Each structure stands twice: as structure tokens, then as C-alpha cells.
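Text of the file data.json, holding JSON, C-alpha atoms and all ligand atoms:
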[["chain", "number", "residue", "atom", "x", "y", "z"],
["A", 1, "MET", "CA", 70.97, 39.64, -41.53],
["A", 2, "ILE", "CA", 73.70, 41.36, -39.54],
["A", 3, "GLU", "CA", 75.90, 43.71, -41.55],
["A", 4, "PHE", "CA", 78.89, 45.66, -40.26],
["A", 5, "THR", "CA", 80.35, 48.19, -42.72],
["A", 6, "ASN", "CA", 83.64, 49.88, -41.85],
["A", 7, "VAL", "CA", 82.82, 49.76, -38.13],
["A", 8, "ASP", "CA", 85.20, 51.20, -35.54],
["A", 9, "LYS", "CA", 84.63, 51.15, -31.80],
["A", 10, "VAL", "CA", 86.72, 53.39, -29.57],
["A", 11, "TYR", "CA", 85.95, 53.34, -25.83],
["A", 12, "PRO", "CA", 85.95, 56.64, -23.90],
["A", 13, "ASN", "CA", 89.39, 55.70, -22.48],
["A", 14, "LYS", "CA", 90.64, 55.82, -26.14],
["A", 15, "VAL", "CA", 91.05, 52.03, -26.44],
["A", 16, "LYS", "CA", 90.28, 51.08, -30.02],
["A", 17, "ALA", "CA", 88.43, 47.80, -29.54],
["A", 18, "LEU", "CA", 87.22, 47.36, -33.14],
["A", 19, "GLU", "CA", 88.86, 48.57, -36.31],
["A", 20, "ASN", "CA", 87.32, 48.64, -39.77],
["A", 21, "ILE", "CA", 85.00, 45.68, -39.25],
["A", 22, "ASN", "CA", 83.28, 44.47, -42.43],
["A", 23, "LEU", "CA", 81.08, 41.48, -41.83],
["A", 24, "LYS", "CA", 77.85, 39.97, -43.11],
["A", 25, "ILE", "CA", 76.04, 37.22, -41.23],
["A", 26, "GLU", "CA", 73.01, 35.69, -42.94],
["A", 27, "LYS", "CA", 69.90, 34.40, -41.20],
["A", 28, "GLY", "CA", 70.35, 30.90, -39.81],
["A", 29, "GLU", "CA", 74.15, 30.87, -39.63],
["A", 30, "PHE", "CA", 76.00, 29.41, -36.62],
["A", 31, "VAL", "CA", 79.07, 31.58, -36.08],
["A", 32, "ALA", "CA", 81.76, 31.50, -33.40],
["A", 33, "VAL", "CA", 84.05, 34.44, -32.69],
["A", 34, "ILE", "CA", 87.48, 33.44, -31.40],
["A", 35, "GLY", "CA", 90.62, 35.31, -30.40],
["A", 36, "LEU", "CA", 92.90, 36.15, -27.50],
["A", 37, "SER", "CA", 91.62, 37.86, -24.37],
["A", 38, "GLY", "CA", 91.17, 41.56, -25.14],
["A", 39, "ALA", "CA", 90.99, 40.98, -28.91],
["A", 40, "GLY", "CA", 87.53, 42.57, -29.13],
["A", 41, "LYS", "CA", 85.19, 39.54, -29.22],
["A", 42, "SER", "CA", 82.74, 40.77, -26.57],
["A", 43, "THR", "CA", 82.73, 44.27, -28.02],
["A", 44, "LEU", "CA", 81.87, 42.88, -31.45],
["A", 45, "ILE", "CA", 78.94, 40.90, -30.07],
["A", 46, "ARG", "CA", 77.69, 43.59, -27.72],
["A", 47, "CYS", "CA", 77.51, 46.24, -30.46],
["A", 48, "ILE", "CA", 74.90, 44.12, -32.24],
["A", 49, "ASN", "CA", 72.23, 44.65, -29.57],
["A", 50, "ARG", "CA", 73.45, 48.17, -28.80],
["A", 51, "MET", "CA", 74.93, 47.31, -25.41],
["A", 52, "HIS", "CA", 77.84, 49.30, -26.83],
["A", 53, "ASP", "CA", 77.61, 52.11, -29.36],
["A", 54, "ILE", "CA", 79.79, 51.94, -32.42],
["A", 55, "THR", "CA", 82.02, 54.96, -33.02],
["A", 56, "SER", "CA", 81.93, 55.04, -36.83],
["A", 57, "GLY", "CA", 80.73, 53.02, -39.79],
["A", 58, "SER", "CA", 77.34, 51.39, -40.02],
["A", 59, "LEU", "CA", 75.71, 48.39, -38.40],
["A", 60, "VAL", "CA", 72.44, 47.14, -39.83],
["A", 61, "VAL", "CA", 70.52, 44.28, -38.20],
["A", 62, "ASP", "CA", 67.46, 42.88, -40.00],
["A", 63, "GLY", "CA", 67.07, 46.17, -41.84],
["A", 64, "THR", "CA", 67.46, 48.34, -38.73],
["A", 65, "ASN", "CA", 70.31, 50.83, -38.57],
["A", 66, "VAL", "CA", 71.35, 50.05, -34.99],
["A", 67, "GLY", "CA", 73.38, 53.22, -34.43],
["A", 68, "LYS", "CA", 70.39, 55.45, -35.20],
["A", 69, "LEU", "CA", 68.01, 53.91, -32.62],
["A", 70, "LYS", "CA", 66.88, 56.04, -29.70],
["A", 71, "GLY", "CA", 65.25, 55.39, -26.30],
["A", 72, "LYS", "CA", 62.21, 53.16, -26.65],
["A", 73, "GLU", "CA", 63.32, 52.04, -30.12],
["A", 74, "ILE", "CA", 66.42, 50.48, -28.53],
["A", 75, "ARG", "CA", 64.28, 48.54, -26.03],
["A", 76, "ASN", "CA", 61.97, 47.27, -28.78],
["A", 77, "PHE", "CA", 64.90, 46.33, -30.99],
["A", 78, "ARG", "CA", 66.57, 44.37, -28.17],
["A", 79, "LYS", "CA", 63.51, 42.13, -27.84],
["A", 80, "LYS", "CA", 64.36, 40.66, -31.24],
["A", 81, "ILE", "CA", 67.90, 39.84, -30.17],
["A", 82, "GLY", "CA", 68.41, 37.26, -27.46],
["A", 83, "MET", "CA", 71.53, 37.61, -25.32],
["A", 84, "ILE", "CA", 73.02, 34.91, -23.13],
["A", 85, "PHE", "CA", 75.78, 35.69, -20.63],
["A", 86, "GLN", "CA", 78.36, 33.62, -18.81],
["A", 87, "SER", "CA", 76.79, 34.54, -15.47],
["A", 88, "PHE", "CA", 73.23, 33.52, -16.50],
["A", 89, "ASN", "CA", 71.74, 36.64, -14.80],
["A", 90, "LEU", "CA", 68.98, 34.68, -13.02],
["A", 91, "ILE", "CA", 67.06, 35.35, -9.83],
["A", 92, "THR", "CA", 68.22, 32.25, -8.00],
["A", 93, "ARG", "CA", 65.85, 32.40, -5.02],
["A", 94, "THR", "CA", 62.74, 31.92, -7.08],
["A", 95, "THR", "CA", 61.34, 29.29, -9.44],
["A", 96, "VAL", "CA", 62.46, 28.49, -12.94],
["A", 97, "ILE", "CA", 59.16, 29.57, -14.52],
["A", 98, "LYS", "CA", 59.19, 32.92, -12.72],
["A", 99, "ASN", "CA", 62.65, 33.56, -14.15],
["A", 100, "VAL", "CA", 61.32, 32.95, -17.65],
["A", 101, "LEU", "CA", 58.18, 35.04, -17.00],
["A", 102, "VAL", "CA", 60.39, 37.96, -15.98],
["A", 103, "SER", "CA", 61.15, 38.46, -19.67],
["A", 104, "PHE", "CA", 57.52, 39.50, -20.21],
["A", 105, "VAL", "CA", 57.46, 42.17, -17.50],
["A", 106, "PRO", "CA", 58.12, 45.10, -19.86],
["A", 107, "GLN", "CA", 55.05, 44.08, -21.89],
["A", 108, "LEU", "CA", 52.67, 43.93, -18.89],
["A", 109, "SER", "CA", 49.93, 46.42, -18.18],
["A", 110, "PHE", "CA", 50.36, 48.63, -15.13],
["A", 111, "TRP", "CA", 48.12, 46.57, -12.84],
["A", 112, "ARG", "CA", 49.68, 43.28, -13.90],
["A", 113, "LYS", "CA", 53.12, 44.74, -13.17],
["A", 114, "LEU", "CA", 51.80, 45.78, -9.77],
["A", 115, "THR", "CA", 50.21, 42.43, -8.92],
["A", 116, "GLY", "CA", 52.79, 40.24, -10.64],
["A", 117, "ILE", "CA", 49.98, 38.19, -12.22],
["A", 118, "PHE", "CA", 50.89, 36.78, -15.61],
["A", 119, "SER", "CA", 48.39, 35.83, -18.30],
["A", 120, "LYS", "CA", 47.77, 32.21, -19.32],
["A", 121, "GLU", "CA", 49.34, 33.00, -22.68],
["A", 122, "HIS", "CA", 52.56, 34.18, -21.10],
["A", 123, "LYS", "CA", 52.66, 31.11, -18.85],
["A", 124, "LEU", "CA", 52.17, 28.88, -21.87],
["A", 125, "GLN", "CA", 54.93, 30.69, -23.76],
["A", 126, "ALA", "CA", 57.25, 30.27, -20.77],
["A", 127, "LEU", "CA", 56.48, 26.55, -20.47],
["A", 128, "THR", "CA", 56.98, 26.08, -24.21],
["A", 129, "ALA", "CA", 60.40, 27.73, -23.98],
["A", 130, "LEU", "CA", 61.35, 25.45, -21.06],
["A", 131, "ASP", "CA", 60.25, 22.47, -23.11],
["A", 132, "GLN", "CA", 62.42, 23.64, -26.01],
["A", 133, "VAL", "CA", 65.51, 23.39, -23.82],
["A", 134, "GLY", "CA", 64.44, 20.14, -22.18],
["A", 135, "ILE", "CA", 63.78, 21.31, -18.63],
["A", 136, "LEU", "CA", 60.01, 21.52, -18.54],
["A", 137, "GLU", "CA", 59.89, 19.24, -15.49],
["A", 138, "LYS", "CA", 61.96, 21.78, -13.53],
["A", 139, "ALA", "CA", 59.47, 24.63, -14.07],
["A", 140, "TYR", "CA", 58.41, 24.87, -10.42],
["A", 141, "ILE", "CA", 61.79, 24.21, -8.85],
["A", 142, "ARG", "CA", 63.88, 26.99, -7.36],
["A", 143, "VAL", "CA", 66.79, 28.03, -9.58],
["A", 144, "ASP", "CA", 69.34, 27.65, -6.77],
["A", 145, "GLN", "CA", 68.55, 23.93, -6.71],
["A", 146, "LEU", "CA", 69.68, 23.49, -10.31],
["A", 147, "SER", "CA", 73.13, 22.67, -11.69],
["A", 148, "GLY", "CA", 75.11, 25.29, -13.63],
["A", 149, "GLY", "CA", 74.14, 23.72, -16.93],
["A", 150, "GLN", "CA", 70.46, 23.65, -16.02],
["A", 151, "GLN", "CA", 70.70, 27.32, -14.98],
["A", 152, "GLN", "CA", 72.20, 28.18, -18.35],
["A", 153, "ARG", "CA", 69.24, 26.39, -19.95],
["A", 154, "VAL", "CA", 66.83, 28.52, -17.90],
["A", 155, "ALA", "CA", 68.63, 31.61, -19.21],
["A", 156, "LEU", "CA", 68.28, 30.20, -22.71],
["A", 157, "ALA", "CA", 64.56, 29.52, -22.19],
["A", 158, "ARG", "CA", 64.03, 33.06, -20.90],
["A", 159, "THR", "CA", 65.64, 34.37, -24.07],
["A", 160, "LEU", "CA", 63.71, 32.02, -26.36],
["A", 161, "ALA", "CA", 60.41, 33.04, -24.76],
["A", 162, "GLN", "CA", 60.90, 36.42, -26.44],
["A", 163, "ASN", "CA", 60.94, 34.77, -29.89],
["A", 164, "PRO", "CA", 64.19, 36.42, -30.95],
["A", 165, "THR", "CA", 65.46, 36.19, -34.52],
["A", 166, "ILE", "CA", 69.10, 36.24, -33.43],
["A", 167, "LEU", "CA", 70.77, 34.61, -30.46],
["A", 168, "LEU", "CA", 73.98, 36.21, -29.17],
["A", 169, "ALA", "CA", 76.03, 34.54, -26.47],
["A", 170, "ASP", "CA", 78.97, 36.05, -24.64],
["A", 171, "GLU", "CA", 81.13, 33.20, -23.29],
["A", 172, "PRO", "CA", 78.15, 30.95, -22.56],
["A", 173, "ILE", "CA", 80.22, 27.97, -21.38],
["A", 174, "ALA", "CA", 83.07, 29.76, -19.63],
["A", 175, "SER", "CA", 82.05, 28.67, -16.14],
["A", 176, "LEU", "CA", 80.77, 25.20, -16.99],
["A", 177, "ASP", "CA", 82.39, 21.77, -16.79],
["A", 178, "PRO", "CA", 83.06, 19.85, -20.04],
["A", 179, "VAL", "CA", 79.96, 17.64, -19.89],
["A", 180, "THR", "CA", 77.63, 20.55, -19.14],
["A", 181, "SER", "CA", 79.35, 22.69, -21.77],
["A", 182, "LYS", "CA", 78.54, 20.03, -24.32],
["A", 183, "GLN", "CA", 74.87, 19.99, -23.30],
["A", 184, "VAL", "CA", 74.63, 23.76, -23.61],
["A", 185, "MET", "CA", 76.39, 23.78, -26.97],
["A", 186, "ASP", "CA", 74.05, 20.99, -28.15],
["A", 187, "ASP", "CA", 71.12, 23.24, -27.16],
["A", 188, "PHE", "CA", 72.51, 26.08, -29.28],
["A", 189, "LYS", "CA", 73.03, 23.74, -32.22],
["A", 190, "ARG", "CA", 69.51, 22.33, -31.95],
["A", 191, "ILE", "CA", 67.94, 25.79, -31.71],
["A", 192, "ASN", "CA", 69.97, 26.86, -34.72],
["A", 193, "GLN", "CA", 69.00, 23.83, -36.80],
["A", 194, "GLU", "CA", 65.39, 23.32, -35.74],
["A", 195, "MET", "CA", 64.31, 26.94, -35.42],
["A", 196, "GLY", "CA", 66.63, 28.38, -38.07],
["A", 197, "MET", "CA", 67.77, 30.99, -35.57],
["A", 198, "THR", "CA", 71.03, 32.82, -36.23],
["A", 199, "VAL", "CA", 73.53, 32.00, -33.46],
["A", 200, "LEU", "CA", 76.60, 34.14, -32.86],
["A", 201, "LEU", "CA", 78.78, 33.33, -29.92],
["A", 202, "ASN", "CA", 82.06, 34.36, -28.48],
["A", 203, "ILE", "CA", 84.00, 31.47, -27.10],
["A", 204, "HIS", "CA", 87.40, 30.81, -25.54],
["A", 205, "HIS", "CA", 87.48, 27.11, -26.27],
["A", 206, "VAL", "CA", 88.77, 26.78, -29.82],
["A", 207, "GLU", "CA", 88.03, 23.08, -30.14],
["A", 208, "VAL", "CA", 84.43, 23.59, -29.09],
["A", 209, "ALA", "CA", 84.07, 26.48, -31.54],
["A", 210, "LEU", "CA", 85.44, 24.35, -34.38],
["A", 211, "GLU", "CA", 83.20, 21.42, -33.47],
["A", 212, "TYR", "CA", 79.94, 23.35, -33.33],
["A", 213, "ALA", "CA", 80.14, 26.43, -35.51],
["A", 214, "ASP", "CA", 79.85, 26.40, -39.28],
["A", 215, "ARG", "CA", 81.74, 29.64, -39.63],
["A", 216, "ILE", "CA", 84.63, 31.04, -37.58],
["A", 217, "ILE", "CA", 85.52, 34.68, -37.19],
["A", 218, "GLY", "CA", 89.01, 35.22, -35.85],
["A", 219, "VAL", "CA", 89.61, 38.57, -34.16],
["A", 220, "ARG", "CA", 93.05, 39.92, -33.41],
["A", 221, "GLU", "CA", 93.65, 43.39, -31.92],
["A", 222, "GLY", "CA", 90.21, 44.60, -32.97],
["A", 223, "GLN", "CA", 90.43, 43.39, -36.55],
["A", 224, "ILE", "CA", 88.94, 40.40, -38.31],
["A", 225, "VAL", "CA", 91.89, 38.31, -39.42],
["A", 226, "TYR", "CA", 89.98, 35.16, -40.38],
["A", 227, "ASP", "CA", 86.46, 34.70, -41.63],
["A", 228, "GLY", "CA", 85.63, 31.35, -43.11],
["A", 229, "SER", "CA", 84.43, 27.83, -42.73],
["A", 230, "ALA", "CA", 85.30, 25.98, -39.51],
["A", 231, "ASN", "CA", 86.53, 23.05, -41.63],
["A", 232, "GLU", "CA", 89.22, 25.21, -43.17],
["A", 233, "VAL", "CA", 90.76, 26.46, -39.93],
["A", 234, "THR", "CA", 94.31, 25.10, -39.92],
["A", 235, "ASP", "CA", 96.95, 25.31, -37.17],
["A", 236, "GLU", "CA", 98.55, 28.16, -39.15],
["A", 237, "VAL", "CA", 95.27, 30.10, -39.12],
["A", 238, "LEU", "CA", 94.93, 29.53, -35.36],
["A", 239, "ASP", "CA", 98.53, 30.61, -34.80],
["A", 240, "TYR", "CA", 97.86, 33.83, -36.67],
["A", 241, "ILE", "CA", 94.65, 34.58, -34.75],
["A", 242, "TYR", "CA", 96.33, 33.78, -31.44],
["A", 243, "LYS", "CA", 99.59, 35.58, -32.30],
["A", 244, "GLY", "CA", 101.63, 32.39, -32.31],
["A", 245, "LYS", "CA", 100.11, 31.20, -29.05],
["A", 246, "ALA", "CA", 97.61, 28.71, -30.47],
["A", 247, "GLY", "CA", 99.56, 25.80, -28.97],
["A", 248, "GLU", "CA", 99.40, 27.39, -25.51],
["A", 249, "VAL", "CA", 95.69, 28.08, -25.87],
["A", 250, "LYS", "CA", 95.04, 24.43, -26.70],
["A", 251, "GLN", "CA", 97.30, 23.16, -23.90],
["A", 252, "GLU", "CA", 95.54, 25.41, -21.43],
["A", 253, "MET", "CA", 92.24, 23.89, -22.48],
["A", 254, "TYR", "CA", 93.43, 20.34, -21.99],
["A", 255, "LYS", "CA", 94.79, 21.32, -18.57],
["A", 256, "GLU", "CA", 91.42, 22.74, -17.60],
["A", 257, "GLY", "CA", 89.75, 19.61, -18.92],
["A", 258, "ALA", "CA", 87.65, 21.85, -21.08],
["A", 259, "TYR", "CA", 87.77, 19.46, -23.94],
["A", 260, "VAL", "CA", 87.31, 15.72, -23.49],
["B", 301, "LIG", "N1", 83.84, 49.27, -21.12],
["B", 301, "LIG", "C1", 85.09, 49.37, -21.58],
["B", 301, "LIG", "N2", 85.77, 50.53, -21.41],
["B", 301, "LIG", "C2", 87.03, 50.66, -21.88],
["B", 301, "LIG", "N3", 87.71, 49.69, -22.52],
["B", 301, "LIG", "C3", 87.09, 48.52, -22.70],
["B", 301, "LIG", "C4", 85.75, 48.29, -22.24],
["B", 301, "LIG", "N4", 85.40, 47.03, -22.55],
["B", 301, "LIG", "C5", 86.46, 46.49, -23.19],
["B", 301, "LIG", "N5", 87.49, 47.38, -23.28],
["B", 301, "LIG", "C6", 88.78, 47.17, -23.93],
["B", 301, "LIG", "O1", 88.54, 46.89, -25.29],
["B", 301, "LIG", "C7", 89.39, 45.83, -25.76],
["B", 301, "LIG", "C8", 88.53, 44.67, -26.26],
["B", 301, "LIG", "O2", 87.84, 44.11, -25.14],
["B", 301, "LIG", "P1", 86.78, 42.94, -25.28],
["B", 301, "LIG", "O3", 86.18, 42.73, -23.94],
["B", 301, "LIG", "O4", 85.89, 43.20, -26.42],
["B", 301, "LIG", "O5", 87.76, 41.71, -25.65],
["B", 301, "LIG", "P2", 87.49, 40.16, -25.61],
["B", 301, "LIG", "O6", 88.17, 39.60, -26.81],
["B", 301, "LIG", "O7", 86.05, 39.87, -25.47],
["B", 301, "LIG", "O8", 88.26, 39.73, -24.30],
["B", 301, "LIG", "P3", 87.95, 38.57, -23.23],
["B", 301, "LIG", "O9", 88.10, 37.29, -24.00],
["B", 301, "LIG", "O10", 89.00, 38.73, -22.19],
["B", 301, "LIG", "O11", 86.56, 38.79, -22.73],
["B", 301, "LIG", "C9", 90.29, 45.47, -24.58],
["B", 301, "LIG", "O12", 91.49, 46.20, -24.73],
["B", 301, "LIG", "C10", 89.52, 45.95, -23.38],
["B", 301, "LIG", "O13", 90.38, 46.31, -22.34]]
Before we go any further, please render this structure as C-alpha cells.
Amino acid sequence: MIEFTNVDKVYPNKVKALENINLKIEKGEFVAVIGLSGAGKSTLIRCINRMHDITSGSLVVDGTNVGKLKGKEIRNFRKKIGMIFQSFNLITRTTVIKNVLVSFVPQLSFWRKLTGIFSKEHKLQALTALDQVGILEKAYIRVDQLSGGQQQRVALARTLAQNPTILLADEPIASLDPVTSKQVMDDFKRINQEMGMTVLLNIHHVEVALEYADRIIGVREGQIVYDGSANEVTDEVLDYIYKGKAGEVKQEMYKEGAYV
């Protein structure tokens, strides 16, 4: 479970990105965070794996008080939380499987780190993760020969190989075309349903968020202004989250062809 209690986040430049956040996300939920650019969506997600420190309040993830972690504890904690980025963060000039194996490097003994030789177990785990996202046959292909959607799946496999309990995604489909976006969102949904993994993502495309997520969190100027079922999000709710610009947000999406 993820639990924010009275959380504020103020950046060193005095920008208050989060204000009095109170939020509980249970295991196995599929949650999308929506809101205007600069509303605080990324900050909210990135506090969960301690990419950002909260300024006040408390944040507890699966019984761990995230703000109190130090040094090695932070690294160990992060292993339980998978994070997917818009930019995939892959090493494109090497094979798919090597990119997944990279996630095991911190666990390797000194000589294995030195030689770059992975154990059979790790290779099996990597191949299993590739199978889970449907790209097992690409294991020995170089990443730069894959499409954007396939690259996002490699990133997803690399994260899954760590057996996380929570999957966070910061704009995972922002740079993808509509068809590929759908494939990636289908992957998230399948992982959520079949593996019971909690999925929390931050997404610009409202229609996609409403289609896939069970629960929507609307953020406006650092505050949660909507938290409820995706089925109950009306145009009025969207207008409030998007400060009266919901129509423009939707039009922009149609223009981009983001929703077909
Ligand atoms: N590292 C940082 N240092 C200072 N201010 C920051 C930093 N990161 C974000 N901010 C500010 O905090 C506020 C919230 O930013 P955040 O990136 O969380 O919003 P967002 O809703 O994810 O926006 P976008 O959709 O454009 O990514 C913004 O005013 C932003 O300028």
C-alpha cells in the first residue's frame, strides 16, 4: 500500500509542487494521475521511489517510511518499485537481453561485475520478463533495431525482471504513436490484472487514462482535486482539474492523433 499523509513538497527554488497530499493506494490498483502541465503529477510519482524527497508529512510504502530511508536502504527499497520513463533509458547499441540483464548488475559479485558474466538464473529471469511483455523472440536483437513501442516493452521487461510490487510510470506513452500507445497500455493492464501489481501512472492523454485506469487522481496546482472512479469522471470534473481547459486538452489530443 502507498499512503501519503499531509505531504508537502517544496523544491529548493521555493516552488511548492505538492500541497497537503492525502492519498491511499491499495495493492493491485490501476491508478492514473492527470492534470495540466506543471500541476505536480511527476513530483507525486517520483516521491514514491524517493527520486524526490518530500518536505513534510509522511509517505509510507508497503510499511516503509520512505522519508526516513538512508543510503543503501534507499537502493534496496527502489528494487521493489519499478519505474518506467518516457525516454525508456535503454542502451540502444546492445541487445535486448543485455538491457534487461543490466538490472541485475547491482546484485552481482565483484568478479561477475568485472567480467560481465551473468548466471543462468539471471538469464532465465531476463527471458521470462521478455516473455511476459511478448518480445521473447527479440532477445538477441539490438535495441536500436526495435520500434519505439518495442523499446518501451524492453524497459518494462527490465523493470519486471526485478519482481517489483509496484509499477510507476512517468508519461510512458508520451512519445509513442496511437497504435503503439495502445499496445503499451495493454501491457500495463495485463501486468496489473495477471500479476496483481499496483500500477500508478502519470499521463497526459485523458481519454487513455479514463479507458485504462480504474481510479483517477486529478491534480491541480499541487493539490488533489479529484480522487475517484474513472467511470465517474464527468466533463465538469475534467474542467475543474484542467482549470476550464478540458475542451482544449481533448482537442489537442485529437489533433495529435493521440486517440483513435
Ligand atoms: N527539480 C525541480 N526543481 C524545481 N522545480 C521543479 C522541479 N521539478 C518540477 N518543478 C516544479 O514543480 C511544479 C510541478 O512540476 P511537475 O513536473 O511535478 O509537474 P507535472 O504535472 O508532472 O508537469 P508535466 O506534465 O509538464 O510533466 C512545476 O511548477 C515545476 O516547474
> So which residues are near ligand LIG 301 (chain B), meaning at most 12 Å away with all atoms listed in the file counted, given back as an MDAnalysis selection string?
Replying inline: chainID A and resid 8:19 33:47 51:53 85:86 169:172 174 201:205 217:224 241:242
> Skipping near chain neighbours, those fewer than 4 positions away, what residues fall within 9 Å of Lys138 in chain A using all atoms listed in the file, listed as a PyMOL selection string?
Replying inline: chain A and resi 95-97+130+142-143+146
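Using all atoms listed in the file, the shortest contact distance between Ser229 in chain A and any of A:Ala126, A:Asn6, A:Ser103, A:Phe30 is found at A:Phe30.
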> Taking into account all atoms listed in the file, which residue in the set A:Ile166, A:Ile191, A:Val179, A:Ile173 is nearest to Ala129 in chain A?
Replying inline: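 Result for the nearest residue to Ala129 in chain A: A:Ile191.
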>> Report as a list in words all protein, DNA and RNA residues lying within 9 Å of Asp144 in chain A, evaluated on all atoms listed in the file, omitting residues in the same chain fewer than 6 positions from it.
In response: Ile91, Thr92, Arg93, Thr94, Thr95 and Gln151 of chain A
> Can you tell me how far CA of Gly71 in chain A sits from CA of Ser58 in chain A, in Å to one decimal?
Replying inline: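 For CA of Gly71 in chain A relative to CA of Ser58 in chain A, the distance reads 18.7 Å.
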>> Taking 6 positions as the minimum chain separation for residues in the same chain, which residues sit within 10 Å of Leu176 in chain A when counting all atoms listed in the file? Answer as a ChimeraX atom specification.
In response: /A:86,147-149,152,182,184,258
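Coordinates place CA of Asp214 in chain A at a distance of 19.7 Å from CA of Tyr240 in chain A.
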Would you compute an axis-aligned box for range 175-179 of chain A, covering every atom listed for it in the file with 3 Å of margin on each side, and report centre and edge lengths in Å to one decimal as AutoDock Vina command-line options?
--center_x 81.5 --center_y 23.2 --center_z -18.1 --size_x 9.1 --size_y 17.0 --size_z 9.9
> Expressed in Å to a single decimal, how great is the separation between CA of Lys24 in chain A and CA of Thr5 in chain A?
Replying inline: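 Atom-to-atom, CA of Lys24 in chain A to CA of Thr5 in chain A, that is 8.6 Å.
Shortest atom-to-atom contact with Lys123 in chain A among A:Ile48, A:Ala213, A:Ala161, A:Met195: A:Ala161, counting all atoms listed in the file.
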> Using all atoms listed in the file, what residues lie at most 12 Å away from (71.4, 20.9, -26.2) (file coordinates), given as a PyMOL selection string?
Replying inline: chain A and resi 131-135+149-150+152-153+156-157+179-194+212
Just so I have it separately, write range 202-214 of chain A from the block I sent, keeping N, CA and C atoms, as a JSON list (two decimals), in the first residue's frame.
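Output (part_11.json):
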[["chain", "number", "residue", "atom", "x", "y", "z"],
["A", 202, "ASN", "N", 1.33, 8.48, -14.69],
["A", 202, "ASN", "CA", 1.06, 9.88, -14.91],
["A", 202, "ASN", "C", 0.92, 10.03, -16.42],
["A", 203, "ILE", "N", -0.19, 10.59, -16.85],
["A", 203, "ILE", "CA", -0.47, 10.52, -18.27],
["A", 203, "ILE", "C", -1.15, 11.80, -18.75],
["A", 204, "HIS", "N", -0.73, 12.27, -19.94],
["A", 204, "HIS", "CA", -1.31, 13.49, -20.49],
["A", 204, "HIS", "C", -2.62, 13.23, -21.22],
["A", 205, "HIS", "N", -2.75, 12.02, -21.75],
["A", 205, "HIS", "CA", -3.91, 11.72, -22.58],
["A", 205, "HIS", "C", -5.10, 11.26, -21.73],
["A", 206, "VAL", "N", -6.02, 12.20, -21.51],
["A", 206, "VAL", "CA", -7.15, 11.95, -20.62],
["A", 206, "VAL", "C", -7.96, 10.74, -21.05],
["A", 207, "GLU", "N", -8.22, 10.65, -22.36],
["A", 207, "GLU", "CA", -9.08, 9.55, -22.83],
["A", 207, "GLU", "C", -8.45, 8.20, -22.56],
["A", 208, "VAL", "N", -7.13, 8.15, -22.71],
["A", 208, "VAL", "CA", -6.43, 6.89, -22.46],
["A", 208, "VAL", "C", -6.49, 6.57, -20.97],
["A", 209, "ALA", "N", -6.29, 7.59, -20.15],
["A", 209, "ALA", "CA", -6.36, 7.39, -18.70],
["A", 209, "ALA", "C", -7.73, 6.85, -18.30],
["A", 210, "LEU", "N", -8.78, 7.44, -18.86],
["A", 210, "LEU", "CA", -10.14, 7.02, -18.49],
["A", 210, "LEU", "C", -10.45, 5.61, -18.99],
["A", 211, "GLU", "N", -9.84, 5.26, -20.13],
["A", 211, "GLU", "CA", -10.11, 3.94, -20.70],
["A", 211, "GLU", "C", -9.43, 2.82, -19.89],
["A", 212, "TYR", "N", -8.23, 3.10, -19.41],
["A", 212, "TYR", "CA", -7.45, 2.02, -18.79],
["A", 212, "TYR", "C", -7.48, 1.98, -17.27],
["A", 213, "ALA", "N", -7.49, 3.16, -16.66],
["A", 213, "ALA", "CA", -7.35, 3.15, -15.20],
["A", 213, "ALA", "C", -8.69, 2.89, -14.52],
["A", 214, "ASP", "N", -8.63, 2.29, -13.33],
["A", 214, "ASP", "CA", -9.85, 2.11, -12.56],
["A", 214, "ASP", "C", -10.12, 3.37, -11.74]]
